[in-house]
file upload37.cif (mmCIF, N, CA and C atoms)
data_protein
loop_
_atom_site.label_atom_id
_atom_site.label_comp_id
_atom_site.auth_asym_id
_atom_site.auth_seq_id
_atom_site.Cartn_x
_atom_site.Cartn_y
_atom_site.Cartn_z
N MET S 29 -199.90 115.77 -63.20
CA MET S 29 -199.78 114.55 -64.00
C MET S 29 -200.35 114.82 -65.39
N THR S 30 -199.75 114.24 -66.37
CA THR S 30 -200.15 114.46 -67.77
C THR S 30 -200.83 113.22 -68.32
N ASP S 31 -201.69 113.42 -69.30
CA ASP S 31 -202.36 112.27 -69.92
C ASP S 31 -201.61 111.78 -71.16
N GLY S 32 -200.48 112.38 -71.49
CA GLY S 32 -199.66 111.93 -72.61
C GLY S 32 -199.95 112.62 -73.92
N ARG S 33 -201.05 113.36 -74.01
CA ARG S 33 -201.37 114.01 -75.28
C ARG S 33 -200.52 115.25 -75.53
N ASP S 34 -199.79 115.69 -74.52
CA ASP S 34 -198.94 116.86 -74.69
C ASP S 34 -197.48 116.47 -74.90
N ARG S 35 -197.26 115.24 -75.33
CA ARG S 35 -195.92 114.72 -75.60
C ARG S 35 -195.89 114.05 -76.97
N CYS S 36 -194.74 114.12 -77.61
CA CYS S 36 -194.54 113.42 -78.87
C CYS S 36 -194.57 111.92 -78.61
N PRO S 37 -195.39 111.16 -79.37
CA PRO S 37 -195.47 109.72 -79.13
C PRO S 37 -194.19 108.99 -79.53
N TYR S 38 -193.31 109.63 -80.28
CA TYR S 38 -192.09 108.97 -80.75
C TYR S 38 -190.89 109.27 -79.87
N CYS S 39 -190.68 110.55 -79.53
CA CYS S 39 -189.48 110.91 -78.77
C CYS S 39 -189.78 111.33 -77.34
N GLY S 40 -191.07 111.56 -77.01
CA GLY S 40 -191.42 112.00 -75.66
C GLY S 40 -191.25 113.49 -75.44
N GLY S 41 -190.84 114.21 -76.48
CA GLY S 41 -190.61 115.65 -76.36
C GLY S 41 -191.88 116.42 -76.04
N THR S 42 -191.71 117.55 -75.36
CA THR S 42 -192.86 118.37 -74.97
C THR S 42 -192.92 119.69 -75.73
N GLY S 43 -192.03 119.91 -76.67
CA GLY S 43 -192.00 121.16 -77.43
C GLY S 43 -192.98 121.15 -78.59
N LEU S 44 -194.22 120.80 -78.34
CA LEU S 44 -195.23 120.69 -79.40
C LEU S 44 -195.87 122.05 -79.64
N THR S 45 -196.26 122.29 -80.88
CA THR S 45 -196.97 123.51 -81.24
C THR S 45 -198.15 123.15 -82.12
N GLU S 46 -199.14 124.02 -82.13
CA GLU S 46 -200.28 123.82 -83.02
C GLU S 46 -199.91 124.21 -84.44
N ALA S 47 -200.50 123.52 -85.40
CA ALA S 47 -200.25 123.82 -86.80
C ALA S 47 -201.55 123.68 -87.57
N THR S 48 -201.75 124.52 -88.55
CA THR S 48 -202.91 124.41 -89.43
C THR S 48 -202.53 123.49 -90.57
N LEU S 49 -203.32 122.44 -90.75
CA LEU S 49 -203.05 121.47 -91.82
C LEU S 49 -203.66 121.93 -93.13
N ALA S 50 -203.06 121.47 -94.21
CA ALA S 50 -203.62 121.72 -95.53
C ALA S 50 -205.02 121.12 -95.60
N ALA S 51 -205.87 121.67 -96.42
CA ALA S 51 -207.24 121.17 -96.57
C ALA S 51 -207.28 119.81 -97.23
N ARG S 52 -206.24 119.47 -97.97
CA ARG S 52 -206.21 118.23 -98.74
C ARG S 52 -204.95 117.45 -98.41
N GLY S 53 -205.11 116.12 -98.27
CA GLY S 53 -203.97 115.25 -98.03
C GLY S 53 -203.90 114.18 -99.10
N THR S 54 -202.87 113.34 -99.03
CA THR S 54 -202.66 112.29 -100.01
C THR S 54 -202.57 110.94 -99.31
N VAL S 55 -203.37 109.97 -99.75
CA VAL S 55 -203.36 108.63 -99.16
C VAL S 55 -202.02 107.97 -99.44
N VAL S 56 -201.39 107.46 -98.37
CA VAL S 56 -200.11 106.75 -98.52
C VAL S 56 -200.26 105.26 -98.24
N SER S 57 -201.33 104.85 -97.57
CA SER S 57 -201.58 103.44 -97.28
C SER S 57 -203.04 103.27 -96.90
N SER S 58 -203.62 102.14 -97.31
CA SER S 58 -205.01 101.87 -96.92
C SER S 58 -205.25 100.37 -96.90
N THR S 59 -206.30 99.98 -96.17
CA THR S 59 -206.68 98.58 -96.11
C THR S 59 -208.17 98.47 -95.85
N VAL S 60 -208.74 97.35 -96.24
CA VAL S 60 -210.15 97.08 -96.00
C VAL S 60 -210.26 96.15 -94.79
N VAL S 61 -211.02 96.56 -93.79
CA VAL S 61 -211.25 95.75 -92.60
C VAL S 61 -212.45 94.86 -92.86
N ARG S 62 -212.26 93.56 -92.72
CA ARG S 62 -213.33 92.60 -92.98
C ARG S 62 -213.79 91.86 -91.74
N VAL S 63 -213.02 91.96 -90.65
CA VAL S 63 -213.37 91.33 -89.38
C VAL S 63 -213.30 92.42 -88.32
N ALA S 64 -214.38 92.61 -87.58
CA ALA S 64 -214.44 93.68 -86.58
C ALA S 64 -215.17 93.18 -85.34
N PRO S 65 -215.11 93.94 -84.26
CA PRO S 65 -215.84 93.56 -83.05
C PRO S 65 -217.34 93.49 -83.32
N PRO S 66 -218.08 92.75 -82.49
CA PRO S 66 -219.54 92.68 -82.65
C PRO S 66 -220.15 94.08 -82.67
N GLY S 67 -221.10 94.27 -83.56
CA GLY S 67 -221.80 95.54 -83.67
C GLY S 67 -221.18 96.53 -84.64
N VAL S 68 -220.02 96.21 -85.18
CA VAL S 68 -219.37 97.10 -86.15
C VAL S 68 -219.55 96.51 -87.53
N GLU S 69 -220.16 97.29 -88.42
CA GLU S 69 -220.43 96.79 -89.77
C GLU S 69 -219.15 96.70 -90.58
N VAL S 70 -219.00 95.62 -91.29
CA VAL S 70 -217.86 95.42 -92.19
C VAL S 70 -218.40 95.13 -93.58
N PRO S 71 -217.63 95.33 -94.62
CA PRO S 71 -216.27 95.86 -94.61
C PRO S 71 -216.26 97.38 -94.52
N TYR S 72 -215.12 97.92 -94.07
CA TYR S 72 -214.88 99.35 -94.12
C TYR S 72 -213.40 99.58 -94.39
N THR S 73 -213.07 100.76 -94.86
CA THR S 73 -211.69 101.09 -95.24
C THR S 73 -211.10 102.06 -94.23
N VAL S 74 -209.82 101.86 -93.92
CA VAL S 74 -209.05 102.81 -93.11
C VAL S 74 -207.81 103.18 -93.91
N ALA S 75 -207.26 104.36 -93.64
CA ALA S 75 -206.10 104.82 -94.40
C ALA S 75 -205.24 105.77 -93.59
N TYR S 76 -203.97 105.84 -94.00
CA TYR S 76 -203.06 106.90 -93.56
C TYR S 76 -202.99 107.89 -94.71
N ALA S 77 -203.00 109.18 -94.36
CA ALA S 77 -202.85 110.22 -95.38
C ALA S 77 -201.91 111.30 -94.86
N ASP S 78 -201.06 111.80 -95.73
CA ASP S 78 -200.13 112.87 -95.38
C ASP S 78 -200.74 114.22 -95.70
N PHE S 79 -200.65 115.13 -94.72
CA PHE S 79 -201.14 116.50 -94.86
C PHE S 79 -199.98 117.44 -94.57
N GLU S 80 -199.82 118.49 -95.39
CA GLU S 80 -198.81 119.51 -95.11
C GLU S 80 -199.24 120.28 -93.88
N PRO S 81 -198.36 120.70 -93.03
CA PRO S 81 -196.91 120.77 -93.15
C PRO S 81 -196.16 119.58 -92.55
N GLY S 82 -196.63 118.39 -92.72
CA GLY S 82 -195.87 117.23 -92.25
C GLY S 82 -196.59 116.36 -91.25
N ALA S 83 -197.89 116.25 -91.34
CA ALA S 83 -198.65 115.39 -90.43
C ALA S 83 -199.18 114.18 -91.19
N ARG S 84 -199.09 113.02 -90.56
CA ARG S 84 -199.68 111.80 -91.13
C ARG S 84 -200.85 111.42 -90.22
N LEU S 85 -202.05 111.39 -90.79
CA LEU S 85 -203.26 111.09 -90.02
C LEU S 85 -203.81 109.73 -90.42
N PHE S 86 -204.51 109.10 -89.47
CA PHE S 86 -205.14 107.80 -89.68
C PHE S 86 -206.63 107.96 -89.42
N ALA S 87 -207.47 107.46 -90.33
CA ALA S 87 -208.92 107.58 -90.14
C ALA S 87 -209.64 106.57 -91.03
N ARG S 88 -210.93 106.37 -90.69
CA ARG S 88 -211.81 105.61 -91.59
C ARG S 88 -212.03 106.43 -92.84
N VAL S 89 -212.41 105.74 -93.90
CA VAL S 89 -212.62 106.41 -95.19
C VAL S 89 -214.06 106.21 -95.62
N ARG S 90 -214.66 107.26 -96.12
CA ARG S 90 -215.98 107.14 -96.74
C ARG S 90 -215.74 106.76 -98.20
N GLY S 91 -215.90 105.48 -98.50
CA GLY S 91 -215.63 104.99 -99.86
C GLY S 91 -214.30 104.28 -99.92
N ASP S 92 -213.70 104.26 -101.10
CA ASP S 92 -212.40 103.62 -101.30
C ASP S 92 -211.29 104.64 -101.07
N ALA S 93 -210.06 104.13 -100.91
CA ALA S 93 -208.92 105.02 -100.69
C ALA S 93 -207.70 104.51 -101.43
N PRO S 94 -207.67 104.64 -102.74
CA PRO S 94 -206.48 104.18 -103.46
C PRO S 94 -205.26 105.02 -103.08
N ILE S 95 -204.10 104.39 -103.06
CA ILE S 95 -202.87 105.11 -102.76
C ILE S 95 -202.69 106.22 -103.78
N GLY S 96 -202.35 107.41 -103.29
CA GLY S 96 -202.18 108.57 -104.14
C GLY S 96 -203.42 109.43 -104.27
N ALA S 97 -204.56 108.93 -103.78
CA ALA S 97 -205.81 109.69 -103.88
C ALA S 97 -205.77 110.92 -102.99
N ALA S 98 -206.40 111.99 -103.43
CA ALA S 98 -206.54 113.21 -102.64
C ALA S 98 -207.75 113.06 -101.73
N VAL S 99 -207.54 113.34 -100.42
CA VAL S 99 -208.63 113.24 -99.45
C VAL S 99 -208.69 114.51 -98.62
N ARG S 100 -209.83 114.71 -98.01
CA ARG S 100 -209.98 115.79 -97.05
C ARG S 100 -210.56 115.22 -95.78
N LEU S 101 -210.31 115.88 -94.67
CA LEU S 101 -210.82 115.46 -93.38
C LEU S 101 -212.24 115.95 -93.23
N ALA S 102 -213.14 115.10 -92.75
CA ALA S 102 -214.54 115.47 -92.57
C ALA S 102 -215.02 114.98 -91.22
N ALA S 103 -215.93 115.71 -90.61
CA ALA S 103 -216.50 115.30 -89.33
C ALA S 103 -217.32 114.03 -89.51
N ALA S 104 -217.22 113.13 -88.56
CA ALA S 104 -217.99 111.88 -88.58
C ALA S 104 -219.20 112.06 -87.67
N PRO S 105 -220.16 111.13 -87.74
CA PRO S 105 -221.36 111.24 -86.91
C PRO S 105 -221.06 111.23 -85.41
N GLU S 106 -220.02 110.50 -84.99
CA GLU S 106 -219.67 110.45 -83.57
C GLU S 106 -218.91 111.72 -83.21
N PRO S 107 -219.20 112.30 -82.07
CA PRO S 107 -218.46 113.51 -81.66
C PRO S 107 -216.97 113.21 -81.54
N GLU S 108 -216.17 114.17 -81.95
CA GLU S 108 -214.71 114.11 -81.84
C GLU S 108 -214.06 113.04 -82.72
N TYR S 109 -214.77 112.55 -83.72
CA TYR S 109 -214.19 111.62 -84.67
C TYR S 109 -214.18 112.25 -86.05
N TYR S 110 -213.25 111.80 -86.89
CA TYR S 110 -213.15 112.31 -88.25
C TYR S 110 -213.03 111.15 -89.22
N THR S 111 -213.34 111.42 -90.47
CA THR S 111 -213.15 110.45 -91.54
C THR S 111 -212.46 111.16 -92.69
N PHE S 112 -211.93 110.37 -93.62
CA PHE S 112 -211.42 110.92 -94.87
C PHE S 112 -212.50 110.77 -95.92
N GLU S 113 -212.65 111.80 -96.74
CA GLU S 113 -213.51 111.72 -97.92
C GLU S 113 -212.63 111.99 -99.12
N LEU S 114 -212.88 111.26 -100.19
CA LEU S 114 -212.15 111.54 -101.42
C LEU S 114 -212.47 112.94 -101.88
N GLU S 115 -211.48 113.67 -102.33
CA GLU S 115 -211.67 115.04 -102.80
C GLU S 115 -212.69 115.03 -103.93
N GLY S 116 -213.65 115.92 -103.84
CA GLY S 116 -214.69 115.99 -104.87
C GLY S 116 -215.93 115.19 -104.53
N GLN S 117 -215.92 114.47 -103.39
CA GLN S 117 -217.10 113.72 -102.94
C GLN S 117 -217.56 114.31 -101.63
N GLY S 118 -218.71 113.87 -101.18
CA GLY S 118 -219.15 114.29 -99.85
C GLY S 118 -220.47 114.84 -99.87
#
call {"tool": "encode", "arguments": {"input": "upload37.cif", "output": "structure tokens"}}
result
Amino acid sequence: MTDGRDRCPYCGGTGLTEATLAARGTVVSSTVVRVAPPGVEVPYTVAYADFEPGARLFARVRGDAPIGAAVRLAAAPEPEYYTFELEGQG
């Protein structure tokens, strides 16, 4: 039985391969979250960013995330989580 992580979420295909992403991506959409579950500090920003060779990632952002901004993926305090940092910050 599979947990679904070895399948494409869009087509269900299993022909997935690993790819090395570019160090820098570009923000394509972002929003500020102002209402969250109890215990989660607000406001915070989340964004989608495109990374070559063709991956779109979603993560919290350290700071603001204007569309078109260059970001890099950074480890977050929680294990196995990542955040975006604006290029040149951190």
call {"tool": "atom_distance", "arguments": {"input": "upload37.cif", "atom1": "atom C of Arg62 (chain S)", "atom2": "atom C of Arg88 (chain S)"}}
result
14.7 Å
call {"tool": "atom_distance", "arguments": {"input": "upload37.cif", "atom1": "CA of Pro94 (chain S)", "atom2": "CA of Ala77 (chain S)"}}
result
10.7 Å
call {"tool": "resolve_selection", "arguments": {"input": "upload37.cif", "expression": "the PyMOL selection byres ((chain S and resi 53-61) around 6.5)", "output": "NGL selection string"}}
result
:S and (50-52 or 62-64 or 70-80 or 93-101)
call {"tool": "atom_distance", "arguments": {"input": "upload37.cif", "atom1": "atom N of Gly91 (chain S)", "atom2": "CA of Ala47 (chain S)"}}
result
26.8 Å
call {"tool": "closest_residue", "arguments": {"input": "upload37.cif", "among": "S:Cys36, S:Leu44, S:Tyr109, S:Leu49", "to": "Ala83 (chain S)", "atoms": "only N, CA and C atoms"}}
result
S:Leu49
call {"tool": "resolve_selection", "arguments": {"input": "upload37.cif", "expression": "the PyMOL selection byres (((chain S and resi 113 and name CA) around 7) and name CA)", "output": "list in words"}}
result
Val89, Arg90, Val99, Arg100, Leu101, Ala102, Thr111, Phe112, Leu114, Glu115, Gln117 and Gly118 of chain S
call {"tool": "axis_aligned_box", "arguments": {"input": "upload37.cif", "around": "region 82-95 of chain S", "padding_each_side": "4 Å", "output": "JSON"}}
result
{"center_x": -205.9, "center_y": 111.0, "center_z": -96.6, "size_x": 28.1, "size_y": 22.8, "size_z": 22.4}
call {"tool": "select_by_dssp", "arguments": {"input": "upload37.cif", "residues": "chain S", "states": "strand (DSSP E or B)", "output": "compact mmCIF listing (two decimals) with N, CA and C atoms, in the coordinates of the input"}}
result
# COMPACT_ATOMS: atom_id res chain seq x y z
N GLY S 53 -205.11 116.12 -98.27
CA GLY S 53 -203.97 115.25 -98.03
C GLY S 53 -203.90 114.18 -99.10
N THR S 54 -202.87 113.34 -99.03
CA THR S 54 -202.66 112.29 -100.01
C THR S 54 -202.57 110.94 -99.31
N VAL S 55 -203.37 109.97 -99.75
CA VAL S 55 -203.36 108.63 -99.16
C VAL S 55 -202.02 107.97 -99.44
N VAL S 56 -201.39 107.46 -98.37
CA VAL S 56 -200.11 106.75 -98.52
C VAL S 56 -200.26 105.26 -98.24
N SER S 57 -201.33 104.85 -97.57
CA SER S 57 -201.58 103.44 -97.28
C SER S 57 -203.04 103.27 -96.90
N SER S 58 -203.62 102.14 -97.31
CA SER S 58 -205.01 101.87 -96.92
C SER S 58 -205.25 100.37 -96.90
N THR S 59 -206.30 99.98 -96.17
CA THR S 59 -206.68 98.58 -96.11
C THR S 59 -208.17 98.47 -95.85
N VAL S 60 -208.74 97.35 -96.24
CA VAL S 60 -210.15 97.08 -96.00
C VAL S 60 -210.26 96.15 -94.79
N VAL S 61 -211.02 96.56 -93.79
CA VAL S 61 -211.25 95.75 -92.60
C VAL S 61 -212.45 94.86 -92.86
N TYR S 72 -215.12 97.92 -94.07
CA TYR S 72 -214.88 99.35 -94.12
C TYR S 72 -213.40 99.58 -94.39
N THR S 73 -213.07 100.76 -94.86
CA THR S 73 -211.69 101.09 -95.24
C THR S 73 -211.10 102.06 -94.23
N VAL S 74 -209.82 101.86 -93.92
CA VAL S 74 -209.05 102.81 -93.11
C VAL S 74 -207.81 103.18 -93.91
N ALA S 75 -207.26 104.36 -93.64
CA ALA S 75 -206.10 104.82 -94.40
C ALA S 75 -205.24 105.77 -93.59
N TYR S 76 -203.97 105.84 -94.00
CA TYR S 76 -203.06 106.90 -93.56
C TYR S 76 -202.99 107.89 -94.71
N ALA S 77 -203.00 109.18 -94.36
CA ALA S 77 -202.85 110.22 -95.38
C ALA S 77 -201.91 111.30 -94.86
N ASP S 78 -201.06 111.80 -95.73
CA ASP S 78 -200.13 112.87 -95.38
C ASP S 78 -200.74 114.22 -95.70
N PHE S 79 -200.65 115.13 -94.72
CA PHE S 79 -201.14 116.50 -94.86
C PHE S 79 -199.98 117.44 -94.57
N ALA S 83 -197.89 116.25 -91.34
CA ALA S 83 -198.65 115.39 -90.43
C ALA S 83 -199.18 114.18 -91.19
N ARG S 84 -199.09 113.02 -90.56
CA ARG S 84 -199.68 111.80 -91.13
C ARG S 84 -200.85 111.42 -90.22
N LEU S 85 -202.05 111.39 -90.79
CA LEU S 85 -203.26 111.09 -90.02
C LEU S 85 -203.81 109.73 -90.42
N PHE S 86 -204.51 109.10 -89.47
CA PHE S 86 -205.14 107.80 -89.68
C PHE S 86 -206.63 107.96 -89.42
N ALA S 87 -207.47 107.46 -90.33
CA ALA S 87 -208.92 107.58 -90.14
C ALA S 87 -209.64 106.57 -91.03
N ARG S 88 -210.93 106.37 -90.69
CA ARG S 88 -211.81 105.61 -91.59
C ARG S 88 -212.03 106.43 -92.84
N VAL S 89 -212.41 105.74 -93.90
CA VAL S 89 -212.62 106.41 -95.19
C VAL S 89 -214.06 106.21 -95.62
N ARG S 90 -214.66 107.26 -96.12
CA ARG S 90 -215.98 107.14 -96.74
C ARG S 90 -215.74 106.76 -98.20
N ALA S 98 -206.40 111.99 -103.43
CA ALA S 98 -206.54 113.21 -102.64
C ALA S 98 -207.75 113.06 -101.73
N VAL S 99 -207.54 113.34 -100.42
CA VAL S 99 -208.63 113.24 -99.45
C VAL S 99 -208.69 114.51 -98.62
N ARG S 100 -209.83 114.71 -98.01
CA ARG S 100 -209.98 115.79 -97.05
C ARG S 100 -210.56 115.22 -95.78
N LEU S 101 -210.31 115.88 -94.67
CA LEU S 101 -210.82 115.46 -93.38
C LEU S 101 -212.24 115.95 -93.23
N ALA S 102 -213.14 115.10 -92.75
CA ALA S 102 -214.54 115.47 -92.57
C ALA S 102 -215.02 114.98 -91.22
N ALA S 103 -215.93 115.71 -90.61
CA ALA S 103 -216.50 115.30 -89.33
C ALA S 103 -217.32 114.03 -89.51
N TYR S 110 -213.25 111.80 -86.89
CA TYR S 110 -213.15 112.31 -88.25
C TYR S 110 -213.03 111.15 -89.22
N THR S 111 -213.34 111.42 -90.47
CA THR S 111 -213.15 110.45 -91.54
C THR S 111 -212.46 111.16 -92.69
N PHE S 112 -211.93 110.37 -93.62
CA PHE S 112 -211.42 110.92 -94.87
C PHE S 112 -212.50 110.77 -95.92
N GLU S 113 -212.65 111.80 -96.74
CA GLU S 113 -213.51 111.72 -97.92
C GLU S 113 -212.63 111.99 -99.12
N LEU S 114 -212.88 111.26 -100.19
CA LEU S 114 -212.15 111.54 -101.42
C LEU S 114 -212.47 112.94 -101.88
call {"tool": "decode", "arguments": {"input": "upload37.cif", "residues": "chain S", "atoms": "C-alpha atoms", "output": "mmCIF file, in the first residue's frame"}}
result
data_model
loop_
_atom_site.group_PDB
_atom_site.id
_atom_site.type_symbol
_atom_site.label_atom_id
_atom_site.label_comp_id
_atom_site.auth_asym_id
_atom_site.auth_seq_id
_atom_site.Cartn_x
_atom_site.Cartn_y
_atom_site.Cartn_z
ATOM 1 C CA MET S 29 0.000 0.000 0.000
ATOM 2 C CA THR S 30 1.247 3.484 -0.827
ATOM 3 C CA ASP S 31 0.885 6.701 1.141
ATOM 4 C CA GLY S 32 0.382 8.764 -2.040
ATOM 5 C CA ARG S 33 3.693 10.617 -1.940
ATOM 6 C CA ASP S 34 5.037 8.502 -4.780
ATOM 7 C CA ARG S 35 2.293 9.635 -7.170
ATOM 8 C CA CYS S 36 1.660 12.851 -9.062
ATOM 9 C CA PRO S 37 -1.113 14.749 -7.231
ATOM 10 C CA TYR S 38 -2.559 15.898 -10.576
ATOM 11 C CA CYS S 39 -2.517 12.864 -12.873
ATOM 12 C CA GLY S 40 -1.797 9.989 -10.462
ATOM 13 C CA GLY S 41 1.277 8.990 -12.477
ATOM 14 C CA THR S 42 4.066 7.053 -10.803
ATOM 15 C CA GLY S 43 6.928 7.968 -13.166
ATOM 16 C CA LEU S 44 8.390 10.498 -10.724
ATOM 17 C CA THR S 45 12.086 11.320 -10.549
ATOM 18 C CA GLU S 46 14.193 13.387 -8.197
ATOM 19 C CA ALA S 47 15.375 16.771 -9.414
ATOM 20 C CA THR S 48 17.742 19.364 -8.008
ATOM 21 C CA LEU S 49 15.997 22.722 -7.771
ATOM 22 C CA ALA S 50 17.603 26.053 -8.490
ATOM 23 C CA ALA S 51 18.846 27.856 -5.380
ATOM 24 C CA ARG S 52 16.591 30.809 -6.132
ATOM 25 C CA GLY S 53 12.911 30.980 -7.066
ATOM 26 C CA THR S 54 10.457 33.718 -8.011
ATOM 27 C CA VAL S 55 7.297 34.565 -6.044
ATOM 28 C CA VAL S 56 4.201 34.171 -8.230
ATOM 29 C CA SER S 57 1.510 34.662 -5.555
ATOM 30 C CA SER S 58 1.372 35.590 -1.878
ATOM 31 C CA THR S 59 -1.091 36.501 0.837
ATOM 32 C CA VAL S 60 -1.075 37.627 4.451
ATOM 33 C CA VAL S 61 -2.863 35.316 6.896
ATOM 34 C CA ARG S 62 -4.667 37.311 9.571
ATOM 35 C CA VAL S 63 -6.883 34.602 11.109
ATOM 36 C CA ALA S 64 -5.315 31.339 12.262
ATOM 37 C CA PRO S 65 -5.987 28.468 14.667
ATOM 38 C CA PRO S 66 -5.433 29.135 18.391
ATOM 39 C CA GLY S 67 -1.756 29.295 19.289
ATOM 40 C CA VAL S 68 -0.576 30.448 15.856
ATOM 41 C CA GLU S 69 0.708 34.010 15.774
ATOM 42 C CA VAL S 70 -0.721 36.271 13.098
ATOM 43 C CA PRO S 71 -0.192 37.978 10.774
ATOM 44 C CA TYR S 72 2.142 35.880 8.653
ATOM 45 C CA THR S 73 2.759 35.600 4.913
ATOM 46 C CA VAL S 74 2.555 32.523 2.691
ATOM 47 C CA ALA S 75 3.559 32.338 -0.969
ATOM 48 C CA TYR S 76 3.923 30.191 -4.058
ATOM 49 C CA ALA S 77 7.289 30.441 -5.783
ATOM 50 C CA ASP S 78 8.523 28.879 -9.018
ATOM 51 C CA PHE S 79 11.896 27.119 -8.998
ATOM 52 C CA GLU S 80 13.689 25.709 -12.063
ATOM 53 C CA PRO S 81 13.430 23.097 -13.530
ATOM 54 C CA GLY S 82 9.674 23.541 -13.162
ATOM 55 C CA ALA S 83 8.590 23.156 -9.540
ATOM 56 C CA ARG S 84 6.093 25.422 -7.785
ATOM 57 C CA LEU S 85 6.518 25.355 -3.993
ATOM 58 C CA PHE S 86 4.291 26.722 -1.226
ATOM 59 C CA ALA S 87 5.706 27.906 2.107
ATOM 60 C CA ARG S 88 5.573 30.515 4.841
ATOM 61 C CA VAL S 89 7.711 33.564 4.214
ATOM 62 C CA ARG S 90 10.141 35.268 6.551
ATOM 63 C CA GLY S 91 9.122 38.867 5.893
ATOM 64 C CA ASP S 92 7.131 40.138 2.918
ATOM 65 C CA ALA S 93 6.807 38.397 -0.445
ATOM 66 C CA PRO S 94 5.997 40.779 -3.275
ATOM 67 C CA ILE S 95 5.180 39.125 -6.585
ATOM 68 C CA GLY S 96 8.349 38.839 -8.657
ATOM 69 C CA ALA S 97 10.642 38.804 -5.611
ATOM 70 C CA ALA S 98 13.584 36.402 -5.595
ATOM 71 C CA VAL S 99 13.421 33.906 -2.717
ATOM 72 C CA ARG S 100 15.409 30.960 -1.482
ATOM 73 C CA LEU S 101 14.286 27.957 0.517
ATOM 74 C CA ALA S 102 15.494 27.898 4.134
ATOM 75 C CA ALA S 103 15.081 25.412 6.964
ATOM 76 C CA ALA S 104 12.465 26.386 9.542
ATOM 77 C CA PRO S 105 12.691 25.755 13.299
ATOM 78 C CA GLU S 106 10.303 22.787 13.053
ATOM 79 C CA PRO S 107 11.886 19.618 11.665
ATOM 80 C CA GLU S 108 11.008 18.854 8.040
ATOM 81 C CA TYR S 109 9.535 22.311 7.405
ATOM 82 C CA TYR S 110 10.857 25.050 5.145
ATOM 83 C CA THR S 111 10.272 28.754 4.663
ATOM 84 C CA PHE S 112 11.057 31.234 1.914
ATOM 85 C CA GLU S 113 13.521 34.020 2.616
ATOM 86 C CA LEU S 114 13.935 36.993 0.344
ATOM 87 C CA GLU S 115 17.211 36.726 -1.537
ATOM 88 C CA GLY S 116 19.860 38.734 0.265
ATOM 89 C CA GLN S 117 18.220 38.363 3.707
ATOM 90 C CA GLY S 118 18.540 35.726 6.361
#
